[in-house]
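The block underneath contains the structure these notes are about, expressed in structure tokens.
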Amino acid sequence: IFATLVFRCDMLLLLCPLGLELLLTKSISLWKALKCCIGTALFCIGLTVLVDTIMWKRLLWPEFEVLWFNSVLNRSSEWGTHPFHWYFTSALPRSLLAAYPLFLLGVLLDRRVLFYILPVFSFVLLFSKLPHKELRFIISSVPMFNLSAAIAASRIYNNRKKGFWKFLHIILVGLLMISVGCTIITFMASYENYPSGYALKELHKMGQLSLSLSLPPCVWSDACLCVCVLIGISCLCAVLC
């Protein structure tokens with residue numbers, strides 16, 4: 001609840017399936033859930049409004065404005081759109097790699113993990129309704145998918161000497177090697193294609209030079225801050241003088 005109201009309003013799409021599952025399985029009573037959620041929500045809203053109102057010098061609840069802009073006005077599409085299936089056919093396969101097919105196998109091998117997978121699967125499914133999609137929106141679901149994949153890998157490894165399991169074990173080793181290879185390739189690609197990294201490296205060089213000449217380096221902070229906030233330092237434009 002705290003993370004939803006203070007940091008990421010879109011976590012509501014994960015909170016709701018989790019809460020519904022807890023209620024349906026009678027892990028918590030409706031009355032107890034209401035008391036806990038309402039009290040915590042009021043405290044969190046009061047805290048974030050107080051802090052951000054002081055910092056921004058106007059009455060402000062940041063995550064409500066994000067929710068209003070992205071979901072109610074549906075203006076997040078102004079930042080680009082992807083098809084409904086993008087999370088399942090592109091984002092998750094690229095982030096999970098070998099764990100993607102293994103998590104599906106884990107659900108089949110151990111039905112107990114379904115209790116944990118259903119809420120995060122619903123979370124991704126609900127997020128798929130929004131036209132604007134980014135991996136960071138659903139990154140919180142990755143650990144649970146990895147858990148299911150780990151269960152499958154463990155079951156295959158423990159039974160690797162039995163019949164058909166030998167074949168699955170060979171596939172598992174192959175998938176892990178492919179994952180390691182893909183990770184190395186993408187890491188090197190990111191390392192070689194990171195403009196802000198080169199900009200900061202040049203800044204450090206100029207800083208060392210300026211120290212020897214007793215001249216402080218100057219960075220145009222407006223450009224840096226705008227880029228850092230809007231696109232996460234994906235294309236840092238620093239003006240050095």
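Starting from 1 in every chain, residues are counted up; chains themselves are A, B, ... following the order of the structure tokens, and ligands are numbered from 1 as listed.
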
May I have the residues within 8 Å of Ile45 in chain A as a ChimeraX atom specification, using only C-alpha atoms and disregarding those fewer than 6 positions away in the same chain? /A:5-6,61

Check which residues of range 50-125 of chain A sit at most 9 Å from range 131-141 of chain A using only C-alpha atoms, and return one row each with the closest pair of atoms and their distance in Å to one decimal, ordered by chain and rising number, as a Markdown table.
| residue | atom | partner | partner_atom | distance |
| --- | --- | --- | --- | --- |
| A:Asn70 | CA | A:His132 | CA | 8.8 |
| A:Asn74 | CA | A:Pro131 | CA | 8.5 |
| A:Arg75 | CA | A:His132 | CA | 8.8 |
| A:Ser76 | CA | A:His132 | CA | 5.7 |
| A:Ser77 | CA | A:His132 | CA | 4.9 |
| A:Glu78 | CA | A:His132 | CA | 7.9 |
| A:Trp79 | CA | A:His132 | CA | 6.8 |
| A:Gly80 | CA | A:His132 | CA | 5.7 |
| A:Thr81 | CA | A:His132 | CA | 4.4 |
| A:His82 | CA | A:Pro131 | CA | 5.9 |
| A:Pro83 | CA | A:Pro131 | CA | 6.9 |
| A:Phe84 | CA | A:Pro131 | CA | 7.2 |
| A:Trp86 | CA | A:Lys133 | CA | 7.8 |
| A:Tyr87 | CA | A:Leu135 | CA | 7.4 |
| A:Ala91 | CA | A:Leu135 | CA | 5.8 |
| A:Leu92 | CA | A:Leu135 | CA | 7.8 |
| A:Ser95 | CA | A:Leu135 | CA | 8.3 |
| A:Ile117 | CA | A:Ser141 | CA | 8.8 |
| A:Val120 | CA | A:Ser141 | CA | 5.5 |
| A:Phe121 | CA | A:Ser141 | CA | 7.8 |
| A:Phe123 | CA | A:Ile138 | CA | 7.8 |
| A:Val124 | CA | A:Ile138 | CA | 6.3 |

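When only C-alpha atoms are used to compute distances to Lys32 in chain A, the closest of the residues A:His169, A:Ser128, A:Cys182, A:Gly19 turns out to be A:Gly19.
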
Could you give me, as a ChimeraX atom specification, the residues within 10 Å of Ile170 in chain A, counting only C-alpha atoms and dropping anything in the same chain fewer than 4 positions from it? /A:156-157,160,165-166,174-175

For the selection you just gave me, I'd like the residues written to a file as an mmCIF file, in the first residue's frame, keeping N, CA and C atoms.
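again-v8.cif was written with the following content:
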data_model
loop_
_atom_site.group_PDB
_atom_site.id
_atom_site.type_symbol
_atom_site.label_atom_id
_atom_site.label_comp_id
_atom_site.auth_asym_id
_atom_site.auth_seq_id
_atom_site.Cartn_x
_atom_site.Cartn_y
_atom_site.Cartn_z
ATOM 1 N N ILE A 156 13.947 -30.693 -12.438
ATOM 2 C CA ILE A 156 14.653 -31.339 -13.545
ATOM 3 C C ILE A 156 16.020 -31.843 -13.084
ATOM 4 N N TYR A 157 16.733 -31.013 -12.317
ATOM 5 C CA TYR A 157 18.075 -31.395 -11.867
ATOM 6 C C TYR A 157 18.014 -32.595 -10.916
ATOM 7 N N ARG A 160 17.458 -35.827 -12.935
ATOM 8 C CA ARG A 160 18.210 -35.848 -14.189
ATOM 9 C C ARG A 160 18.661 -37.233 -14.616
ATOM 10 N N TRP A 165 13.614 -37.331 -18.034
ATOM 11 C CA TRP A 165 14.209 -36.191 -17.344
ATOM 12 C C TRP A 165 15.622 -35.910 -17.828
ATOM 13 N N LYS A 166 16.333 -36.941 -18.334
ATOM 14 C CA LYS A 166 17.679 -36.730 -18.878
ATOM 15 C C LYS A 166 17.631 -35.754 -20.052
ATOM 16 N N GLY A 174 21.311 -26.336 -21.917
ATOM 17 C CA GLY A 174 21.388 -25.525 -23.131
ATOM 18 C C GLY A 174 20.750 -24.157 -22.957
ATOM 19 N N LEU A 175 19.592 -24.131 -22.312
ATOM 20 C CA LEU A 175 18.901 -22.855 -22.068
ATOM 21 C C LEU A 175 19.727 -21.931 -21.178
#

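Counting only C-alpha atoms and comparing A:Met188, A:Glu202, A:Asp10, A:Ile28, the residue that lies closest to Phe69 in chain A is A:Asp10.
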
Give me the residues within 12 Å of Gly106 in chain A as an MDAnalysis selection string, counting only C-alpha atoms and dropping any in the same chain fewer than 4 places off. chainID A and resid 99:102 110:114 116:117 144:156

Any chance you can output those residues with N, CA, C and O atoms as an mmCIF file, in the first residue's frame?
data_model
loop_
_atom_site.group_PDB
_atom_site.id
_atom_site.type_symbol
_atom_site.label_atom_id
_atom_site.label_comp_id
_atom_site.auth_asym_id
_atom_site.auth_seq_id
_atom_site.Cartn_x
_atom_site.Cartn_y
_atom_site.Cartn_z
ATOM 1 N N ALA A 99 14.434 -18.433 -18.246
ATOM 2 C CA ALA A 99 13.434 -18.567 -17.190
ATOM 3 C C ALA A 99 12.009 -18.466 -17.724
ATOM 4 O O ALA A 99 11.072 -18.889 -17.052
ATOM 5 N N TYR A 100 11.856 -17.920 -18.929
ATOM 6 C CA TYR A 100 10.503 -17.742 -19.476
ATOM 7 C C TYR A 100 9.805 -19.081 -19.738
ATOM 8 O O TYR A 100 8.704 -19.318 -19.225
ATOM 9 N N PRO A 101 10.413 -19.993 -20.526
ATOM 10 C CA PRO A 101 9.760 -21.297 -20.681
ATOM 11 C C PRO A 101 9.767 -22.115 -19.394
ATOM 12 O O PRO A 101 8.847 -22.903 -19.133
ATOM 13 N N LEU A 102 10.801 -21.933 -18.577
ATOM 14 C CA LEU A 102 10.888 -22.705 -17.333
ATOM 15 C C LEU A 102 9.802 -22.311 -16.341
ATOM 16 O O LEU A 102 9.317 -23.158 -15.589
ATOM 17 N N ASP A 110 4.513 -28.055 -10.344
ATOM 18 C CA ASP A 110 4.149 -27.824 -8.942
ATOM 19 C C ASP A 110 2.981 -26.847 -8.889
ATOM 20 O O ASP A 110 3.166 -25.638 -9.035
ATOM 21 N N ARG A 111 1.786 -27.356 -8.689
ATOM 22 C CA ARG A 111 0.590 -26.515 -8.713
ATOM 23 C C ARG A 111 0.560 -25.513 -7.563
ATOM 24 O O ARG A 111 -0.194 -24.544 -7.613
ATOM 25 N N ARG A 112 1.370 -25.730 -6.521
ATOM 26 C CA ARG A 112 1.382 -24.791 -5.397
ATOM 27 C C ARG A 112 1.877 -23.415 -5.809
ATOM 28 O O ARG A 112 1.488 -22.398 -5.222
ATOM 29 N N VAL A 113 2.749 -23.383 -6.829
ATOM 30 C CA VAL A 113 3.306 -22.103 -7.258
ATOM 31 C C VAL A 113 2.257 -21.259 -7.976
ATOM 32 O O VAL A 113 2.412 -20.051 -8.123
ATOM 33 N N LEU A 114 1.167 -21.900 -8.408
ATOM 34 C CA LEU A 114 0.098 -21.167 -9.090
ATOM 35 C C LEU A 114 -0.492 -20.087 -8.193
ATOM 36 O O LEU A 114 -0.931 -19.036 -8.667
ATOM 37 N N TYR A 116 1.058 -18.133 -6.291
ATOM 38 C CA TYR A 116 1.918 -16.953 -6.351
ATOM 39 C C TYR A 116 1.987 -16.361 -7.768
ATOM 40 O O TYR A 116 2.219 -15.157 -7.927
ATOM 41 N N ILE A 117 1.811 -17.210 -8.768
ATOM 42 C CA ILE A 117 1.920 -16.751 -10.149
ATOM 43 C C ILE A 117 0.666 -16.010 -10.608
ATOM 44 O O ILE A 117 0.758 -15.016 -11.347
ATOM 45 N N MET A 144 8.888 -13.267 -9.181
ATOM 46 C CA MET A 144 7.951 -14.373 -8.995
ATOM 47 C C MET A 144 8.010 -15.359 -10.159
ATOM 48 O O MET A 144 7.914 -16.570 -9.975
ATOM 49 N N PHE A 145 8.190 -14.833 -11.376
ATOM 50 C CA PHE A 145 8.368 -15.728 -12.516
ATOM 51 C C PHE A 145 9.665 -16.521 -12.381
ATOM 52 O O PHE A 145 9.724 -17.704 -12.743
ATOM 53 N N ASN A 146 10.693 -15.869 -11.857
ATOM 54 C CA ASN A 146 11.963 -16.568 -11.627
ATOM 55 C C ASN A 146 11.813 -17.664 -10.572
ATOM 56 O O ASN A 146 12.479 -18.702 -10.652
ATOM 57 N N LEU A 147 10.954 -17.423 -9.588
ATOM 58 C CA LEU A 147 10.704 -18.440 -8.561
ATOM 59 C C LEU A 147 10.125 -19.707 -9.186
ATOM 60 O O LEU A 147 10.574 -20.824 -8.896
ATOM 61 N N SER A 148 9.137 -19.527 -10.050
ATOM 62 C CA SER A 148 8.538 -20.673 -10.732
ATOM 63 C C SER A 148 9.563 -21.380 -11.612
ATOM 64 O O SER A 148 9.609 -22.615 -11.675
ATOM 65 N N ALA A 149 10.406 -20.597 -12.291
ATOM 66 C CA ALA A 149 11.447 -21.183 -13.134
ATOM 67 C C ALA A 149 12.449 -21.969 -12.295
ATOM 68 O O ALA A 149 12.917 -23.044 -12.709
ATOM 69 N N ALA A 150 12.780 -21.452 -11.124
ATOM 70 C CA ALA A 150 13.733 -22.139 -10.240
ATOM 71 C C ALA A 150 13.166 -23.475 -9.761
ATOM 72 O O ALA A 150 13.910 -24.464 -9.621
ATOM 73 N N ILE A 151 11.864 -23.515 -9.513
ATOM 74 C CA ILE A 151 11.224 -24.768 -9.092
ATOM 75 C C ILE A 151 11.326 -25.810 -10.200
ATOM 76 O O ILE A 151 11.638 -26.982 -9.958
ATOM 77 N N ALA A 152 11.083 -25.369 -11.442
ATOM 78 C CA ALA A 152 11.198 -26.284 -12.576
ATOM 79 C C ALA A 152 12.631 -26.770 -12.748
ATOM 80 O O ALA A 152 12.874 -27.973 -12.952
ATOM 81 N N ALA A 153 13.587 -25.862 -12.652
ATOM 82 C CA ALA A 153 14.996 -26.238 -12.814
ATOM 83 C C ALA A 153 15.432 -27.210 -11.725
ATOM 84 O O ALA A 153 16.165 -28.171 -11.988
ATOM 85 N N SER A 154 14.976 -26.966 -10.501
ATOM 86 C CA SER A 154 15.320 -27.850 -9.391
ATOM 87 C C SER A 154 14.735 -29.249 -9.592
ATOM 88 O O SER A 154 15.412 -30.254 -9.344
ATOM 89 N N ARG A 155 13.485 -29.312 -10.041
ATOM 90 C CA ARG A 155 12.849 -30.614 -10.274
ATOM 91 C C ARG A 155 13.573 -31.386 -11.375
ATOM 92 O O ARG A 155 13.793 -32.599 -11.262
ATOM 93 N N ILE A 156 13.947 -30.693 -12.438
ATOM 94 C CA ILE A 156 14.653 -31.339 -13.545
ATOM 95 C C ILE A 156 16.020 -31.843 -13.084
ATOM 96 O O ILE A 156 16.429 -32.976 -13.392
#

Using DSSP on the backbone coordinates, identify all residues within range 44-112 of chain A classified as alpha helix (DSSP H); present the result as a VMD selection string. chain A and resid 44 to 56 62 to 67 86 92 to 96 99 to 109
